[in-house]
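Each remark here refers to the structure printed beneath this line.
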Amino acid sequence: MPSLKDLAEEMLKHFEAKDRAREEAFKLSREVVRICSSSIRSVHRQDMKEGERLISEAYTLLKRMRDLLRDHPDIRYAGFVDHAEQEYAEARSVFSIITAREILTPADVDVDLVNYLAGLGDTTGELRRHTLDLIRRGEPQEGEYFLGMMEEIYHLLMMFDYPEAINRGLRRKSDLARSMLERTRGDLTNAIEMAKVEASLRRLEDKLKD
């Protein structure tokens with residue numbers, strides 16, 4: 001029969017391994033979040049090559065984090081892994097929608113389903129930013145596609161009206177997506193109407209010159 005000392009040593013090894021895994025995984029999760037944020041900034045700066053490179057780097061770290069926690073599911077669901085997956089899902093979605101004009105599937109993104117939806121919800125904020133950039137560049141009509149995509153994402157999120165224990169905050173994501181959608185619709189409508197007025201004035205000026 002093992003002594004209490006032997007039992008304690010075995011249990012301490014288990015806890016020490018778990019603590020090491022948690023510490024390293026937490027550091028990796030913060031790095032994933034940072035890299036994904038940088039990727040999104042690169043996309044907005046129209047540096048798509050850098051944005052894609054950073055997404056690939058983030059995925060490598062994400063897989064390493066999962067491997068570390070494979071034997072520690074209690075830590076896997078402590079919260080910081082979910083946050084990293086949501087940020088990765090957002091970065092992947094932003095890149096795909098802006099560069100290829102398509103929404104990736106959960107299998108494409110390869111994260112937990114709720115984290116995929118949460119990341120997609122956060123994408124609406126970045127699509128709003130992209131639409132405002134188009135307005136500033138004098139291309140408001142181009143923003144209509146992204147407004148439509150924001151609306152599709154919002155309606156998708158609204159389908160998952162389940163208790164908080166199941167959807168883990170998707171209601172809040174839905175509310176934020178609706179706010180982004182409404183504000184962007186107003187900004188884009190005003191910009192398009194203003195562009196029409198300016199075009200009419202230019203035509204009138206050309207006629208007067210003739």
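By convention in this document, the chains of the structure tokens carry letters A, B, ... by their order, each chain's residues are numbered from 1, and ligands are numbered from 1 in the order they are shown.
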
Please report, as a tab-separated table, each residue of stretch 74-143 of chain A lying at most 12 Å from stretch 57-69 of chain A, together with the nearest pair of atoms and the separation in Å rounded to one decimal; use only C-alpha atoms, and order rows by chain and ascending residue number.
```
residue	atom	partner	partner_atom	distance
A:Asp74	CA	A:Leu69	CA	8.7
A:Ile75	CA	A:Leu69	CA	6.9
A:Arg76	CA	A:Leu69	CA	5.9
A:Tyr77	CA	A:Leu69	CA	9.7
A:Ala78	CA	A:Leu69	CA	10.9
A:Phe80	CA	A:Met65	CA	10.6
A:Val81	CA	A:Met65	CA	8.1
A:Asp82	CA	A:Leu62	CA	10.7
A:His83	CA	A:Leu62	CA	11.2
A:Ala84	CA	A:Leu62	CA	7.7
A:Glu85	CA	A:Leu62	CA	7.6
A:Gln86	CA	A:Leu62	CA	11.1
A:Glu87	CA	A:Ala58	CA	9.7
A:Tyr88	CA	A:Ala58	CA	7.2
A:Ala89	CA	A:Tyr59	CA	10.0
A:Glu90	CA	A:Ala58	CA	11.9
A:Ala91	CA	A:Ala58	CA	9.6
A:Arg92	CA	A:Tyr59	CA	9.8
A:Asp108	CA	A:Tyr59	CA	11.9
A:Val109	CA	A:Tyr59	CA	9.4
A:Asp110	CA	A:Tyr59	CA	9.3
A:Val111	CA	A:Leu62	CA	9.5
A:Asp112	CA	A:Arg66	CA	11.6
```

Residues from the last selection, N, CA and C atoms, saved as a short mmCIF file (atom, residue, chain, number, x, y, z; two decimals), in the first residue's frame:
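Contents of the output file again.cif:
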```cif
data_model
loop_
_atom_site.label_atom_id
_atom_site.label_comp_id
_atom_site.auth_asym_id
_atom_site.auth_seq_id
_atom_site.Cartn_x
_atom_site.Cartn_y
_atom_site.Cartn_z
N ASP A 74 -10.52 20.57 -18.33
CA ASP A 74 -11.00 21.58 -17.38
C ASP A 74 -10.36 22.93 -17.66
N ILE A 75 -9.10 22.93 -18.08
CA ILE A 75 -8.42 24.18 -18.42
C ILE A 75 -8.85 24.65 -19.81
N ARG A 76 -9.04 23.69 -20.71
CA ARG A 76 -9.47 24.04 -22.07
C ARG A 76 -10.72 24.90 -22.05
N TYR A 77 -11.61 24.64 -21.11
CA TYR A 77 -12.86 25.40 -21.06
C TYR A 77 -12.88 26.43 -19.94
N ALA A 78 -11.69 26.92 -19.58
CA ALA A 78 -11.60 27.94 -18.53
C ALA A 78 -11.92 29.34 -19.06
N PHE A 80 -9.97 31.28 -21.62
CA PHE A 80 -8.99 31.98 -22.48
C PHE A 80 -8.82 31.29 -23.84
N VAL A 81 -9.05 29.99 -23.91
CA VAL A 81 -8.99 29.31 -25.21
C VAL A 81 -10.15 29.76 -26.09
N ASP A 82 -11.33 29.87 -25.49
CA ASP A 82 -12.49 30.35 -26.24
C ASP A 82 -12.22 31.74 -26.82
N HIS A 83 -11.62 32.60 -26.01
CA HIS A 83 -11.33 33.97 -26.47
C HIS A 83 -10.38 33.94 -27.67
N ALA A 84 -9.34 33.11 -27.58
CA ALA A 84 -8.38 33.01 -28.68
C ALA A 84 -9.05 32.47 -29.94
N GLU A 85 -9.91 31.47 -29.79
CA GLU A 85 -10.60 30.90 -30.95
C GLU A 85 -11.55 31.91 -31.58
N GLN A 86 -12.22 32.70 -30.76
CA GLN A 86 -13.13 33.72 -31.29
C GLN A 86 -12.36 34.77 -32.08
N GLU A 87 -11.21 35.18 -31.57
CA GLU A 87 -10.40 36.17 -32.29
C GLU A 87 -9.88 35.60 -33.61
N TYR A 88 -9.50 34.33 -33.57
CA TYR A 88 -9.03 33.68 -34.80
C TYR A 88 -10.16 33.56 -35.82
N ALA A 89 -11.35 33.17 -35.35
CA ALA A 89 -12.50 33.06 -36.24
C ALA A 89 -12.84 34.42 -36.85
N GLU A 90 -12.72 35.47 -36.06
CA GLU A 90 -12.99 36.82 -36.57
C GLU A 90 -11.97 37.19 -37.65
N ALA A 91 -10.69 36.95 -37.37
CA ALA A 91 -9.65 37.31 -38.35
C ALA A 91 -9.83 36.54 -39.65
N ARG A 92 -10.13 35.23 -39.56
CA ARG A 92 -10.34 34.43 -40.76
C ARG A 92 -11.55 34.93 -41.54
N ASP A 108 -14.16 25.10 -42.11
CA ASP A 108 -13.04 25.86 -42.70
C ASP A 108 -12.21 26.53 -41.62
N VAL A 109 -12.89 27.12 -40.65
CA VAL A 109 -12.21 27.89 -39.61
C VAL A 109 -11.60 26.96 -38.56
N ASP A 110 -12.24 25.83 -38.30
CA ASP A 110 -11.72 24.81 -37.39
C ASP A 110 -11.61 25.32 -35.95
N VAL A 111 -12.73 25.81 -35.42
CA VAL A 111 -12.82 26.17 -34.01
C VAL A 111 -14.16 25.66 -33.48
N ASP A 112 -14.34 25.74 -32.17
CA ASP A 112 -15.61 25.39 -31.55
C ASP A 112 -16.75 26.16 -32.22
#
```

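Of the residues under consideration (A:Met149, A:Leu156, A:Val94, A:Leu12), A:Val94 shows the shortest atom-to-atom contact distance to A:Glu52 when counting only C-alpha atoms.
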
Atomic separation - atom CA of A:Leu117 relative to atom CA of A:Arg34, Å =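 Those two atoms sit 19.9 Å apart.
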
Exercise for the section: Quick one: everything within 8 Å of A:Leu147, counting only C-alpha atoms, minus sequence neighbours fewer than 2 positions away in the same chain. Send it as a list in words. Expected result: Leu127, Arg128, Thr131, Gly143, Glu144, Tyr145, Met149, Met150, Glu151, Leu181, Thr184 and Arg185 of chain A

Using Å and a single decimal, report how far atom CA of A:Ile103 sits from atom CA of A:Leu120.
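Distance between the two atoms: 9.0 Å.
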
_Picked from stretch 27-206 of chain A by DSSP as helix (DSSP H, G or I), as a PyMOL selection string_ = chain A and resi 27-44+48-68+73-76+80-100+106-109+113-136+140-158+164-167+170-206

Pairwise distance, atom CA of A:Asp133 with atom CA of A:Leu104, equals 23.1 Å
